[in-house]
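Visitor: mmCIF, C-alpha atoms, saved as coords-v3.cif, coming up:
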```
data_target
loop_
_atom_site.label_atom_id
_atom_site.label_comp_id
_atom_site.auth_asym_id
_atom_site.auth_seq_id
_atom_site.Cartn_x
_atom_site.Cartn_y
_atom_site.Cartn_z
CA MET A 1 0.00 0.00 0.00
CA LYS A 2 1.07 3.57 -0.71
CA PHE A 3 -0.02 6.78 1.01
CA VAL A 4 -0.87 9.46 -1.58
CA VAL A 5 -0.89 13.23 -0.95
CA ASP A 6 -3.00 15.68 -2.99
CA VAL A 7 -5.02 13.19 -5.00
CA GLU A 8 -6.41 14.68 -8.21
CA PRO A 9 -9.91 16.03 -7.33
CA LYS A 10 -11.84 14.19 -10.05
CA ARG A 11 -10.23 10.91 -9.11
CA PHE A 12 -10.74 11.60 -5.40
CA ASP A 13 -14.43 12.42 -5.81
CA ALA A 14 -15.16 9.48 -8.11
CA PHE A 15 -13.90 7.09 -5.44
CA ALA A 16 -15.52 8.95 -2.53
CA ILE A 17 -18.96 9.23 -4.14
CA ALA A 18 -19.00 5.51 -4.95
CA CYS A 19 -18.12 4.58 -1.34
CA PRO A 20 -21.04 3.58 0.95
CA LEU A 21 -19.50 5.74 3.71
CA ASN A 22 -19.49 8.91 1.63
CA HIS A 23 -20.80 12.27 2.80
CA TYR A 24 -20.73 15.55 0.88
CA SER A 25 -18.16 16.83 3.41
CA LYS A 26 -15.82 14.02 2.26
CA THR A 27 -15.55 15.33 -1.33
CA SER A 28 -13.25 18.00 -2.79
CA PRO A 29 -15.72 20.96 -2.91
CA PHE A 30 -15.78 20.92 0.89
CA ILE A 31 -12.32 22.49 1.08
CA ALA A 32 -13.51 25.57 -0.81
CA PHE A 33 -16.69 25.73 1.29
CA LYS A 34 -14.77 25.67 4.61
CA LYS A 35 -11.96 27.98 3.42
CA GLU A 36 -12.68 30.83 5.82
CA GLU A 37 -12.81 28.61 8.90
CA TYR A 38 -10.04 26.23 7.87
CA GLN A 39 -7.13 27.88 6.09
CA SER A 40 -6.08 24.87 4.01
CA GLY A 41 -6.99 21.32 3.13
CA ASN A 42 -5.64 18.22 1.41
CA LEU A 43 -7.09 15.32 -0.57
CA LEU A 44 -5.34 12.23 0.77
CA GLY A 45 -5.57 8.60 -0.21
CA VAL A 46 -4.12 5.10 -0.36
CA GLU A 47 -3.23 3.15 -3.50
CA ASP A 48 -2.78 -0.60 -3.77
CA GLU A 49 0.15 -2.33 -5.52
CA GLU A 50 -1.50 -1.80 -8.92
CA GLY A 51 -1.97 1.94 -8.34
CA ASN A 52 -5.72 1.72 -7.70
CA LEU A 53 -7.17 4.18 -5.22
CA ILE A 54 -8.55 2.17 -2.28
CA ALA A 55 -9.11 4.86 0.39
CA THR A 56 -9.65 8.62 0.64
CA ALA A 57 -9.76 11.27 3.37
CA LEU A 58 -10.24 15.03 3.21
CA MET A 59 -8.09 16.72 5.85
CA LEU A 60 -8.59 20.35 6.88
CA HIS A 61 -6.10 22.47 8.85
CA ARG A 62 -7.06 25.32 11.17
CA ARG A 63 -4.66 27.86 12.62
CA ILE A 64 -5.43 29.56 15.93
CA PRO A 65 -3.10 32.59 15.98
CA LEU A 66 -4.26 33.70 19.43
CA LEU A 67 -2.98 30.43 20.89
CA GLY A 68 -0.09 30.02 18.48
CA MET A 69 -1.17 26.57 17.35
CA GLN A 70 -2.92 24.57 14.62
CA PHE A 71 -5.04 21.42 14.52
CA SER A 72 -6.21 19.15 11.70
CA TYR A 73 -9.65 17.65 11.14
CA VAL A 74 -11.12 14.88 8.97
CA GLN A 75 -14.89 15.38 9.09
CA TYR A 76 -16.75 12.05 9.18
CA GLY A 77 -13.48 10.14 8.77
CA PHE A 78 -12.19 8.25 5.76
CA ASN A 79 -13.77 6.39 2.86
CA LEU A 80 -12.68 2.78 2.46
CA ALA A 81 -13.86 -0.82 2.76
CA ILE A 82 -14.40 -1.16 6.52
CA GLU A 83 -13.81 -4.92 6.45
CA ASN A 84 -10.17 -4.30 5.44
CA ARG A 85 -8.57 -4.03 8.88
CA ASP A 86 -5.02 -3.73 7.59
CA LEU A 87 -6.04 -0.78 5.40
CA ILE A 88 -7.78 0.94 8.33
CA ALA A 89 -4.65 0.61 10.50
CA TYR A 90 -2.33 1.76 7.71
CA PHE A 91 -4.41 4.79 6.71
CA ALA A 92 -5.08 5.86 10.30
CA LYS A 93 -1.34 5.81 11.01
CA GLN A 94 -0.47 7.72 7.82
CA LEU A 95 -3.11 10.39 8.46
CA LYS A 96 -1.81 10.87 11.98
CA GLU A 97 1.78 11.27 10.77
CA TYR A 98 0.71 13.64 7.98
CA ALA A 99 -1.18 15.94 10.36
CA LYS A 100 1.79 15.97 12.72
CA ALA A 101 4.16 16.85 9.86
CA LYS A 102 1.84 19.76 8.94
CA GLY A 103 2.50 21.25 12.35
CA SER A 104 -0.79 20.39 14.05
CA ILE A 105 -1.01 19.71 17.78
CA PHE A 106 -3.68 17.06 17.20
CA LEU A 107 -5.82 15.40 14.51
CA ARG A 108 -9.54 14.84 15.04
CA MET A 109 -11.71 12.38 13.12
CA ASP A 110 -15.41 11.77 13.84
CA PHE A 111 -16.46 8.77 11.79
CA ASN A 112 -19.84 8.26 10.14
CA ILE A 113 -19.29 4.51 10.40
CA PRO A 114 -22.21 2.86 12.26
CA ARG A 115 -21.13 1.44 15.62
CA LEU A 116 -23.79 -1.18 16.46
CA GLU A 117 -26.98 -2.27 14.71
CA HIS A 118 -30.15 -0.72 16.18
CA ASP A 119 -33.83 -1.19 15.48
CA LYS A 120 -35.93 1.79 14.46
CA ASN A 121 -36.64 2.59 18.12
CA GLY A 122 -32.94 2.90 18.91
CA LYS A 123 -32.53 -0.43 20.72
CA VAL A 124 -29.41 -2.48 19.97
CA VAL A 125 -30.19 -5.53 17.83
CA GLU A 126 -28.95 -8.74 19.42
CA ASN A 127 -26.41 -10.45 17.12
CA GLY A 128 -26.56 -7.44 14.77
CA PHE A 129 -23.50 -5.91 13.15
CA ASN A 130 -20.73 -4.59 15.42
CA HIS A 131 -18.02 -2.25 14.11
CA GLU A 132 -16.37 -1.53 17.46
CA TYR A 133 -13.27 -3.34 16.18
CA ILE A 134 -12.54 -0.13 14.25
CA THR A 135 -12.41 1.75 17.55
CA GLU A 136 -9.85 -0.75 18.83
CA ILE A 137 -7.72 -0.47 15.66
CA LEU A 138 -7.66 3.32 16.02
CA LYS A 139 -6.75 3.14 19.71
CA GLU A 140 -3.95 0.68 18.90
CA ASN A 141 -2.59 3.27 16.44
CA GLY A 142 -2.42 6.14 18.89
CA TYR A 143 -5.93 7.63 18.80
CA THR A 144 -7.93 8.55 21.89
CA HIS A 145 -11.65 7.78 21.72
CA LEU A 146 -13.70 10.63 23.19
CA GLY A 147 -16.57 8.40 24.29
CA TYR A 148 -20.11 7.33 23.39
CA ASN A 149 -21.81 10.42 24.72
CA TYR A 150 -25.15 12.11 24.13
CA GLY A 151 -25.49 13.29 20.55
CA TYR A 152 -25.67 17.04 21.23
CA SER A 153 -23.08 17.25 24.01
CA GLY A 154 -20.36 19.19 22.24
CA ASN A 155 -19.74 16.81 19.33
CA TRP A 156 -18.65 18.59 16.18
CA MET A 157 -20.94 16.39 14.09
CA SER A 158 -24.08 14.54 15.11
CA ARG A 159 -23.37 10.99 16.29
CA PHE A 160 -26.87 9.75 15.47
CA THR A 161 -29.16 9.96 12.47
CA TYR A 162 -32.09 8.35 10.69
CA ARG A 163 -31.45 7.16 7.15
CA LEU A 164 -34.22 6.06 4.81
CA ASP A 165 -33.71 3.29 2.25
CA LEU A 166 -35.01 4.55 -1.12
CA ASN A 167 -33.97 1.46 -3.07
CA ARG A 168 -37.55 0.18 -3.31
CA PRO A 169 -40.91 1.31 -4.74
CA PHE A 170 -42.38 4.46 -3.20
CA SER A 171 -45.58 2.50 -2.51
CA GLU A 172 -43.55 0.38 -0.08
CA ILE A 173 -41.83 3.41 1.47
CA LYS A 174 -45.23 5.03 2.11
CA LYS A 175 -46.32 2.07 4.21
CA GLY A 176 -43.46 2.76 6.61
CA ILE A 177 -44.28 6.47 7.01
CA LYS A 178 -46.47 7.11 10.03
CA ARG A 179 -49.92 8.44 9.12
CA TYR A 180 -48.73 9.09 5.56
CA GLN A 181 -52.14 9.08 3.88
CA THR A 182 -53.74 11.16 6.64
CA TYR A 183 -51.12 13.92 6.45
CA HIS A 184 -50.96 13.76 2.66
CA ASN A 185 -54.74 14.17 2.40
CA LYS A 186 -54.77 17.02 4.94
CA ASN A 187 -52.16 18.89 2.92
CA GLU A 188 -53.96 18.21 -0.33
CA MET A 189 -57.25 19.61 0.99
CA ARG A 190 -55.47 22.73 2.26
CA GLY A 191 -53.49 23.30 -0.93
CA VAL A 192 -50.11 22.79 0.73
CA ALA A 193 -47.75 22.43 -2.23
CA VAL A 194 -43.99 22.07 -2.79
CA HIS A 195 -42.06 23.58 -5.71
CA PRO A 196 -38.41 23.41 -6.82
CA ALA A 197 -36.77 26.79 -6.26
CA THR A 198 -33.59 28.71 -7.17
CA GLN A 199 -30.84 30.67 -5.43
CA GLU A 200 -32.98 33.79 -5.77
CA ASP A 201 -35.45 32.16 -3.37
CA LEU A 202 -32.97 31.48 -0.56
CA ALA A 203 -34.48 34.33 1.46
CA VAL A 204 -37.33 31.94 2.29
CA LEU A 205 -34.93 29.56 4.03
CA ILE A 206 -33.26 32.44 5.85
CA GLN A 207 -36.57 33.85 7.11
CA SER A 208 -37.72 30.46 8.39
CA GLN A 209 -34.37 29.96 10.11
CA LYS A 210 -34.56 33.41 11.71
CA GLU A 211 -37.93 32.61 13.26
CA LEU A 212 -36.55 29.45 14.85
CA SER A 213 -33.42 31.34 15.91
CA ALA A 214 -35.57 33.88 17.76
CA LYS A 215 -37.26 31.02 19.59
CA LEU A 216 -34.19 28.94 20.48
CA GLY A 217 -31.44 31.58 20.57
CA PHE A 218 -28.88 30.35 18.04
CA LYS A 219 -27.05 32.26 15.30
CA PRO A 220 -28.84 31.71 11.94
CA ASN A 221 -26.86 31.25 8.74
CA ASP A 222 -27.13 34.14 6.30
CA VAL A 223 -27.76 34.07 2.55
CA SER A 224 -24.04 34.11 1.74
CA TYR A 225 -23.58 30.81 3.63
CA PHE A 226 -26.14 28.99 1.51
CA LYS A 227 -25.03 30.66 -1.72
CA LYS A 228 -21.48 29.51 -1.10
CA LEU A 229 -22.61 25.98 -0.32
CA TRP A 230 -24.78 26.00 -3.46
CA ASP A 231 -21.92 27.27 -5.63
CA CYS A 232 -19.46 24.71 -4.23
CA TYR A 233 -21.85 21.84 -4.92
CA GLU A 234 -23.33 23.26 -8.11
CA GLY A 235 -25.32 20.61 -9.97
CA ASN A 236 -25.87 18.55 -6.82
CA VAL A 237 -28.06 20.96 -4.85
CA TYR A 238 -31.84 20.66 -4.72
CA TYR A 239 -33.89 23.38 -3.07
CA TYR A 240 -37.63 23.36 -2.45
CA ILE A 241 -40.21 25.79 -1.14
CA VAL A 242 -43.55 24.83 0.40
CA ASP A 243 -46.50 27.23 0.35
CA THR A 244 -50.28 27.44 0.50
CA ASN A 245 -53.22 29.76 -0.16
CA TYR A 246 -55.11 30.09 3.13
CA HIS A 247 -58.16 31.63 1.49
CA GLN A 248 -58.44 28.73 -0.94
CA ALA A 249 -57.83 26.33 1.94
CA LYS A 250 -60.74 27.95 3.79
CA LEU A 251 -63.00 27.42 0.77
CA ASN A 252 -61.92 23.79 0.53
CA LEU A 253 -62.64 23.26 4.22
CA GLN A 254 -66.08 24.85 3.85
CA LYS A 255 -66.81 22.56 0.90
CA GLU A 256 -65.86 19.55 3.03
CA ILE A 257 -68.16 20.81 5.80
CA ASP A 258 -71.04 21.06 3.32
CA ASN A 259 -70.38 17.50 2.13
CA LEU A 260 -70.27 16.17 5.70
CA GLU A 261 -73.51 17.96 6.63
CA MET A 262 -75.23 16.39 3.63
CA HIS A 263 -73.83 13.01 4.62
CA LEU A 264 -74.98 13.56 8.21
CA GLN A 265 -78.60 13.70 7.04
CA THR A 266 -78.34 10.15 5.68
CA LEU A 267 -76.84 8.57 8.80
CA LYS A 268 -78.92 6.44 11.17
CA ASP A 269 -76.18 5.19 13.49
CA GLU A 270 -75.79 7.58 16.46
CA ASN A 271 -72.09 6.84 16.89
CA LYS A 272 -71.39 7.69 13.25
CA LYS A 273 -73.45 10.84 13.61
CA GLU A 274 -71.40 11.90 16.63
CA ILE A 275 -68.11 11.29 14.81
CA THR A 276 -69.28 13.26 11.76
CA GLN A 277 -70.47 16.15 13.92
CA LYS A 278 -67.07 16.27 15.65
CA ASN A 279 -65.35 16.38 12.26
CA ILE A 280 -67.56 19.27 11.19
CA GLN A 281 -66.81 21.14 14.42
CA ALA A 282 -63.06 20.61 13.95
CA LEU A 283 -63.20 22.00 10.42
CA GLU A 284 -65.28 24.98 11.53
CA LYS A 285 -62.75 25.67 14.26
CA GLU A 286 -59.96 25.59 11.69
CA ILE A 287 -61.79 28.09 9.49
CA HIS A 288 -62.16 30.42 12.49
CA GLU A 289 -58.41 30.10 13.15
CA ILE A 290 -57.61 31.10 9.56
CA GLU A 291 -59.83 34.14 9.92
CA ASN A 292 -58.73 35.09 13.45
CA HIS A 293 -55.03 34.90 12.52
CA GLY A 294 -55.57 37.26 9.60
CA LEU A 295 -54.66 34.57 7.07
CA ASP A 296 -57.81 34.72 4.93
CA ILE A 297 -56.01 36.31 1.98
CA ASP A 298 -56.23 35.08 -1.60
CA GLU A 299 -52.51 34.67 -2.33
CA ARG A 300 -49.80 32.04 -1.86
CA LYS A 301 -48.01 32.20 1.49
CA VAL A 302 -44.67 30.49 2.09
CA LEU A 303 -44.52 27.88 4.87
CA GLY A 304 -40.84 26.92 4.65
CA ALA A 305 -37.96 25.58 2.58
CA LYS A 306 -35.56 22.63 2.29
CA PHE A 307 -31.95 22.51 1.05
CA ILE A 308 -30.50 19.09 0.15
CA ILE A 309 -27.38 17.73 -1.55
CA LYS A 310 -27.33 14.57 -3.68
CA LEU A 311 -24.05 12.93 -4.65
CA GLY A 312 -24.29 9.67 -6.55
CA GLU A 313 -26.99 7.58 -4.91
CA ASN A 314 -26.95 9.38 -1.55
CA VAL A 315 -29.00 12.35 -0.33
CA TRP A 316 -28.39 14.54 2.74
CA ASN A 317 -30.90 16.95 4.26
CA VAL A 318 -28.55 19.87 4.85
CA ASN A 319 -31.11 22.39 6.14
CA MET A 320 -34.88 22.53 6.48
CA TYR A 321 -36.84 25.22 8.26
CA THR A 322 -40.58 25.82 8.35
CA LEU A 323 -42.51 28.80 9.65
CA LYS A 324 -44.94 28.41 12.52
CA THR A 325 -48.46 27.99 11.15
CA LEU A 326 -51.75 26.24 11.87
CA LEU A 327 -51.58 22.60 12.93
CA ASN A 328 -52.99 20.91 9.83
CA PHE A 329 -50.79 22.80 7.36
CA ARG A 330 -47.92 20.32 7.53
CA GLY A 331 -45.15 22.05 5.63
CA ALA A 332 -42.29 19.92 6.98
CA PHE A 333 -44.08 16.70 6.08
CA ALA A 334 -44.87 18.06 2.60
CA LEU A 335 -41.22 18.97 1.97
CA HIS A 336 -39.98 15.48 2.88
CA ASP A 337 -42.82 13.82 0.96
CA TYR A 338 -41.98 15.74 -2.21
CA ALA A 339 -38.20 15.47 -1.85
CA ILE A 340 -38.26 11.71 -1.26
CA GLN A 341 -40.28 11.12 -4.43
CA ASP A 342 -38.14 13.56 -6.41
CA MET A 343 -34.91 11.91 -5.26
CA ILE A 344 -36.21 8.43 -6.12
CA GLU A 345 -36.91 9.66 -9.65
CA LYS A 346 -33.35 11.02 -9.79
CA GLY A 347 -31.83 7.68 -8.82
CA ALA A 348 -31.16 8.13 -5.09
CA LYS A 349 -30.89 5.03 -2.90
CA THR A 350 -30.51 6.62 0.56
CA TYR A 351 -32.06 9.69 2.20
CA ASP A 352 -30.25 10.90 5.33
CA PHE A 353 -32.17 13.11 7.76
CA GLU A 354 -28.80 14.51 9.00
CA GLY A 355 -28.87 14.25 12.74
CA ILE A 356 -30.87 13.50 15.88
CA SER A 357 -29.90 13.72 19.56
CA GLY A 358 -29.80 9.94 19.91
CA SER A 359 -32.06 9.97 22.98
CA MET A 360 -35.34 8.07 22.67
CA ASP A 361 -36.64 9.56 25.92
CA PRO A 362 -39.86 11.57 25.30
CA SER A 363 -38.67 14.05 27.96
CA ASP A 364 -35.54 14.86 25.93
CA GLU A 365 -35.66 18.47 24.70
CA TYR A 366 -35.10 17.30 21.10
CA TRP A 367 -37.64 14.47 21.26
CA GLY A 368 -40.04 16.22 18.87
CA GLN A 369 -37.34 16.41 16.20
CA THR A 370 -36.35 12.78 16.76
CA ASP A 371 -39.94 11.51 16.73
CA PHE A 372 -40.71 13.40 13.51
CA LYS A 373 -37.68 11.97 11.67
CA LYS A 374 -38.38 8.51 13.08
CA SER A 375 -41.93 8.67 11.69
CA PHE A 376 -40.59 8.31 8.15
CA GLY A 377 -39.47 4.75 8.83
CA GLY A 378 -35.72 5.15 8.34
CA ASP A 379 -32.96 3.18 10.02
CA TYR A 380 -31.59 4.48 13.32
CA LEU A 381 -27.81 4.86 13.03
CA GLU A 382 -25.29 5.41 15.82
CA PHE A 383 -21.79 6.38 14.63
CA LEU A 384 -18.48 5.46 16.26
CA GLY A 385 -17.85 8.95 17.62
CA GLU A 386 -14.82 11.24 17.85
CA PHE A 387 -11.14 10.30 17.97
CA ASP A 388 -8.16 12.55 18.64
CA ALA A 389 -4.55 11.73 17.79
CA ILE A 390 -2.67 14.06 20.17
CA PHE A 391 0.87 15.20 19.31
CA ASP A 392 1.40 17.83 22.03
CA GLU A 393 -0.39 17.01 25.29
CA LYS A 394 0.35 20.37 26.92
CA LYS A 395 -0.90 22.48 24.01
CA TYR A 396 -3.87 20.13 23.53
CA ALA A 397 -4.90 20.72 27.16
CA GLN A 398 -4.56 24.49 26.63
CA TRP A 399 -6.67 24.30 23.49
CA LYS A 400 -9.40 22.29 25.23
CA LYS A 401 -9.58 24.75 28.10
CA ALA A 402 -9.65 27.79 25.77
CA ARG A 403 -12.23 26.20 23.48
CA SER A 404 -14.50 25.25 26.38
CA LEU A 405 -14.45 28.83 27.69
CA TYR A 406 -14.93 30.29 24.21
CA SER A 407 -17.85 27.97 23.47
CA ARG A 408 -19.64 28.83 26.71
CA VAL A 409 -19.23 32.56 26.19
CA ARG A 410 -20.25 32.33 22.52
CA ARG A 411 -23.40 30.33 23.34
CA LYS A 412 -24.38 32.81 26.01
CA LEU A 413 -23.81 35.85 23.80
CA ARG A 414 -25.67 34.28 20.87
CA PHE A 415 -28.57 33.37 23.11
CA LEU A 416 -28.79 36.91 24.41
CA LYS A 417 -28.49 38.39 20.92
CA TYR A 418 -30.86 36.17 18.94
CA LYS A 419 -33.42 34.94 21.47
CA LYS A 420 -36.59 37.01 21.34
#
```
What is this structure when it is put down as structure tokens?
Guide:
Amino acid sequence: MKFVVDVEPKRFDAFAIACPLNHYSKTSPFIAFKKEEYQSGNLLGVEDEEGNLIATALMLHRRIPLLGMQFSYVQYGFNLAIENRDLIAYFAKQLKEYAKAKGSIFLRMDFNIPRLEHDKNGKVVENGFNHEYITEILKENGYTHLGYNYGYSGNWMSRFTYRLDLNRPFSEIKKGIKRYQTYHNKNEMRGVAVHPATQEDLAVLIQSQKELSAKLGFKPNDVSYFKKLWDCYEGNVYYYIVDTNYHQAKLNLQKEIDNLEMHLQTLKDENKKEITQKNIQALEKEIHEIENHGLDIDERKVLGAKFIIKLGENVWNVNMYTLKTLLNFRGAFALHDYAIQDMIEKGAKTYDFEGISGSMDPSDEYWGQTDFKKSFGGDYLEFLGEFDAIFDEKKYAQWKKARSLYSRVRRKLRFLKYKK
């Protein structure tokens, strides 16, 4: 085997995109996208005896002038055949030595390799797959494992996700989506519709994000962030907007009320009458909400937007934000529903929801997000976690202390600035 520095981008990406472990952050455009935060990056790989590329890793380098130090980072680890233990050991060692030679005080890798097999409820499957041997190989080669902690406890990347298998008919996928037909029909009656959009429409995503930022107190990304990401992954970005016409929705609801009242006259069964009357009352209440919220206007109103990246057969939900609206106008569901079907038509085989907390406890503050993503029937994935190869223990300890203080102060200031 031979360690290769600065692999030609086209060759690098061809291998990375074909690898089951790929992520858009593990392809060459990511260096340009992260240029401001990380000052440089390298496309690294391993060739076999015949000169074939058999592994890739994108390494970024960040200088911290204030501390007089630099560290290196391989987001989501390397791309290779995970059953090849010798290759894992060789590449891990070479990456460590390369980062050290670049002057870094440590190298971090946070792998998107699944750790243990879980069922859809997050429980470990007995006798399922187990990739913890990779953790042991890395530890044997000088890496420190940072632990199997809670998904949102300071990790640079989410350690848990739901990933939906698209390599089957959509009719089968629908069966696994909780209350699919109910939500689909609700949206259809209310005219909730999704449309492909362009860069000129990114303001919709920004506005939705700002509303959530005001609620939770985080710094929202601006238009330039998404434009840069779009430009870097030009040809692989798909962007959608969901909207509705509340006035038309009100008319549709009134029409449904009229139909139910006519049907009510034909019913003899008292239980069925009671159910129908409750349905009528619910629809009337919804009409009043449209009117009372000042939404009864005959024009399309945006509900939210979704930004995704597709490379090869894999899709990642990079960002999705929806505006707060009435309960039965399910913009988030509509965006996923449309995107899944669109991606199937475009040849996608996987659809990654890009992150959950990992906790299946309904009292967890992110349970709503987890439960929503779970409802689409994807596979629950737990990744191996973060690993640091430390070259200077003293400076590493200084960096950790400075970063911890900086992160706390930054979170507090952002909360104070953006929370409304």
Visitor: What gap, in Å, lies between CA of Lys250 (chain A) and CA of Lys285 (chain A)?
Guide: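 These atoms are spaced 10.9 Å apart.
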Visitor: Just want the 12 Å neighbourhood of Pro169 (chain A), counted on all atoms listed in the file, with same-chain residues fewer than 6 positions away dropped. Output as a JSON list (two decimals) with C-alpha atoms, in the coordinates of the input.
Guide:
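Result file follows (selection.json):
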```
[["chain", "number", "residue", "atom", "x", "y", "z"],
["A", 175, "LYS", "CA", -46.32, 2.07, 4.21],
["A", 176, "GLY", "CA", -43.46, 2.76, 6.61],
["A", 340, "ILE", "CA", -38.26, 11.71, -1.26],
["A", 341, "GLN", "CA", -40.28, 11.12, -4.43],
["A", 344, "ILE", "CA", -36.21, 8.43, -6.12],
["A", 345, "GLU", "CA", -36.91, 9.66, -9.65],
["A", 347, "GLY", "CA", -31.83, 7.68, -8.82],
["A", 348, "ALA", "CA", -31.16, 8.13, -5.09],
["A", 349, "LYS", "CA", -30.89, 5.03, -2.90]]
```
Visitor: Do you have the CA of Gly385 (chain A)-CA of Tyr351 (chain A) distance handy?
Guide: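 About the pair CA of Gly385 (chain A) and CA of Tyr351 (chain A): they are 21.0 Å apart.
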Visitor: Could you write out as a PyMOL selection string the residues that the PyMOL selection byres ((chain A and resi 142) around 10) matches in the shown file?
Guide: chain A and resi 92-93+96+137-141+143-145+387-391
Visitor: Neighbours of region 305-321 of chain A within 7 Å (all atoms listed in the file; same-chain residues fewer than 3 positions away dropped), as a PDB file with C-alpha atoms, keeping the file's coordinate frame?
Guide:
```pdb
ATOM      1  CA  ILE A  17     -18.960   9.230  -4.140  1.00  0.00           C
ATOM      2  CA  ALA A  18     -19.000   5.510  -4.950  1.00  0.00           C
ATOM      3  CA  TYR A  24     -20.730  15.550   0.880  1.00  0.00           C
ATOM      4  CA  VAL A 204     -37.330  31.940   2.290  1.00  0.00           C
ATOM      5  CA  LEU A 205     -34.930  29.560   4.030  1.00  0.00           C
ATOM      6  CA  SER A 208     -37.720  30.460   8.390  1.00  0.00           C
ATOM      7  CA  GLN A 209     -34.370  29.960  10.110  1.00  0.00           C
ATOM      8  CA  ASN A 236     -25.870  18.550  -6.820  1.00  0.00           C
ATOM      9  CA  VAL A 237     -28.060  20.960  -4.850  1.00  0.00           C
ATOM     10  CA  TYR A 238     -31.840  20.660  -4.720  1.00  0.00           C
ATOM     11  CA  TYR A 239     -33.890  23.380  -3.070  1.00  0.00           C
ATOM     12  CA  TYR A 240     -37.630  23.360  -2.450  1.00  0.00           C
ATOM     13  CA  ILE A 241     -40.210  25.790  -1.140  1.00  0.00           C
ATOM     14  CA  VAL A 242     -43.550  24.830   0.400  1.00  0.00           C
ATOM     15  CA  LEU A 335     -41.220  18.970   1.970  1.00  0.00           C
ATOM     16  CA  GLY A 347     -31.830   7.680  -8.820  1.00  0.00           C
ATOM     17  CA  ALA A 348     -31.160   8.130  -5.090  1.00  0.00           C
ATOM     18  CA  LYS A 349     -30.890   5.030  -2.900  1.00  0.00           C
ATOM     19  CA  THR A 350     -30.510   6.620   0.560  1.00  0.00           C
ATOM     20  CA  TYR A 351     -32.060   9.690   2.200  1.00  0.00           C
ATOM     21  CA  ASP A 352     -30.250  10.900   5.330  1.00  0.00           C
ATOM     22  CA  PHE A 353     -32.170  13.110   7.760  1.00  0.00           C
ATOM     23  CA  GLU A 354     -28.800  14.510   9.000  1.00  0.00           C
TER      24      GLU A 354
END
```
Visitor: How far is it from CA of Tyr233 (chain A) to CA of His336 (chain A), in Å with one decimal?
Guide: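 If I compute the distance from CA of Tyr233 (chain A) to CA of His336 (chain A), I get 20.7 Å.
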Visitor: Given all atoms listed in the file as the basis, pick out the residue of A:Arg168, A:Lys178, A:Arg190, A:Arg85 nearest to Phe372 (chain A).
Guide: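 When distances to Phe372 (chain A) are compared using all atoms listed in the file, the smallest one comes from A:Lys178.
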Visitor: Can you pull out every residue within 8 Å of Leu80 (chain A), counting all atoms listed in the file, but drop anything in the same chain fewer than 4 positions away, and send it as JSON, numbers by chain?
Guide: {"A": [19, 21, 54, 55, 56, 88]}
Visitor: Name all residues at most 12 Å from Ser28 (chain A) (count only C-alpha atoms; drop same-chain ones fewer than 5 positions away) and give them as a PyMOL selection string.
Guide: chain A and resi 6-17+22-23+33-35+41-44+56-60+232-233
Visitor: Translate the PyMOL selection byres ((chain A and resi 276) around 10) into a concrete residue list for this structure, as JSON, numbers by chain.
Guide: {"A": [257, 260, 261, 263, 264, 267, 270, 271, 272, 273, 274, 275, 277, 278, 279, 280, 281, 282]}
Visitor: Which of these residues is nearest to Asp165 (chain A), using all atoms listed in the file: A:Lys400, A:Asp379, A:Val46, A:Leu416?
Guide: A:Asp379
Visitor: Starting from the displayed file, determine the output of the PyMOL selection byres ((chain A and resi 207) around 12) and express the residue list as a PyMOL selection string.
Guide: chain A and resi 201-206+208-214+220-223+302-305+320-324
Visitor: Would you mind listing what lies within 8 Å of Asn121 (chain A) as a PyMOL selection string, with only C-alpha atoms counted and same-chain residues fewer than 5 positions away left out?
Guide: chain A and resi 360+374+380
Visitor: Please complete region 208-215 of chain A with N, CA and C atoms and give it back as a CSV table (one decimal), keeping the file's coordinate frame.
Guide:
```csv
chain,number,residue,atom,x,y,z
A,208,SER,N,-37.2,31.6,7.5
A,208,SER,CA,-37.7,30.5,8.4
A,208,SER,C,-36.7,30.2,9.5
A,209,GLN,N,-35.4,30.2,9.1
A,209,GLN,CA,-34.4,30.0,10.1
A,209,GLN,C,-34.3,31.1,11.2
A,210,LYS,N,-34.6,32.3,10.8
A,210,LYS,CA,-34.6,33.4,11.7
A,210,LYS,C,-35.7,33.3,12.8
A,211,GLU,N,-36.8,32.8,12.3
A,211,GLU,CA,-37.9,32.6,13.3
A,211,GLU,C,-37.6,31.6,14.3
A,212,LEU,N,-36.9,30.5,13.9
A,212,LEU,CA,-36.6,29.4,14.8
A,212,LEU,C,-35.4,30.0,15.7
A,213,SER,N,-34.5,30.8,15.2
A,213,SER,CA,-33.4,31.3,15.9
A,213,SER,C,-34.0,32.2,17.0
A,214,ALA,N,-35.0,33.0,16.8
A,214,ALA,CA,-35.6,33.9,17.8
A,214,ALA,C,-36.2,33.1,18.9
A,215,LYS,N,-36.6,31.9,18.6
A,215,LYS,CA,-37.3,31.0,19.6
A,215,LYS,C,-36.2,30.3,20.4
```
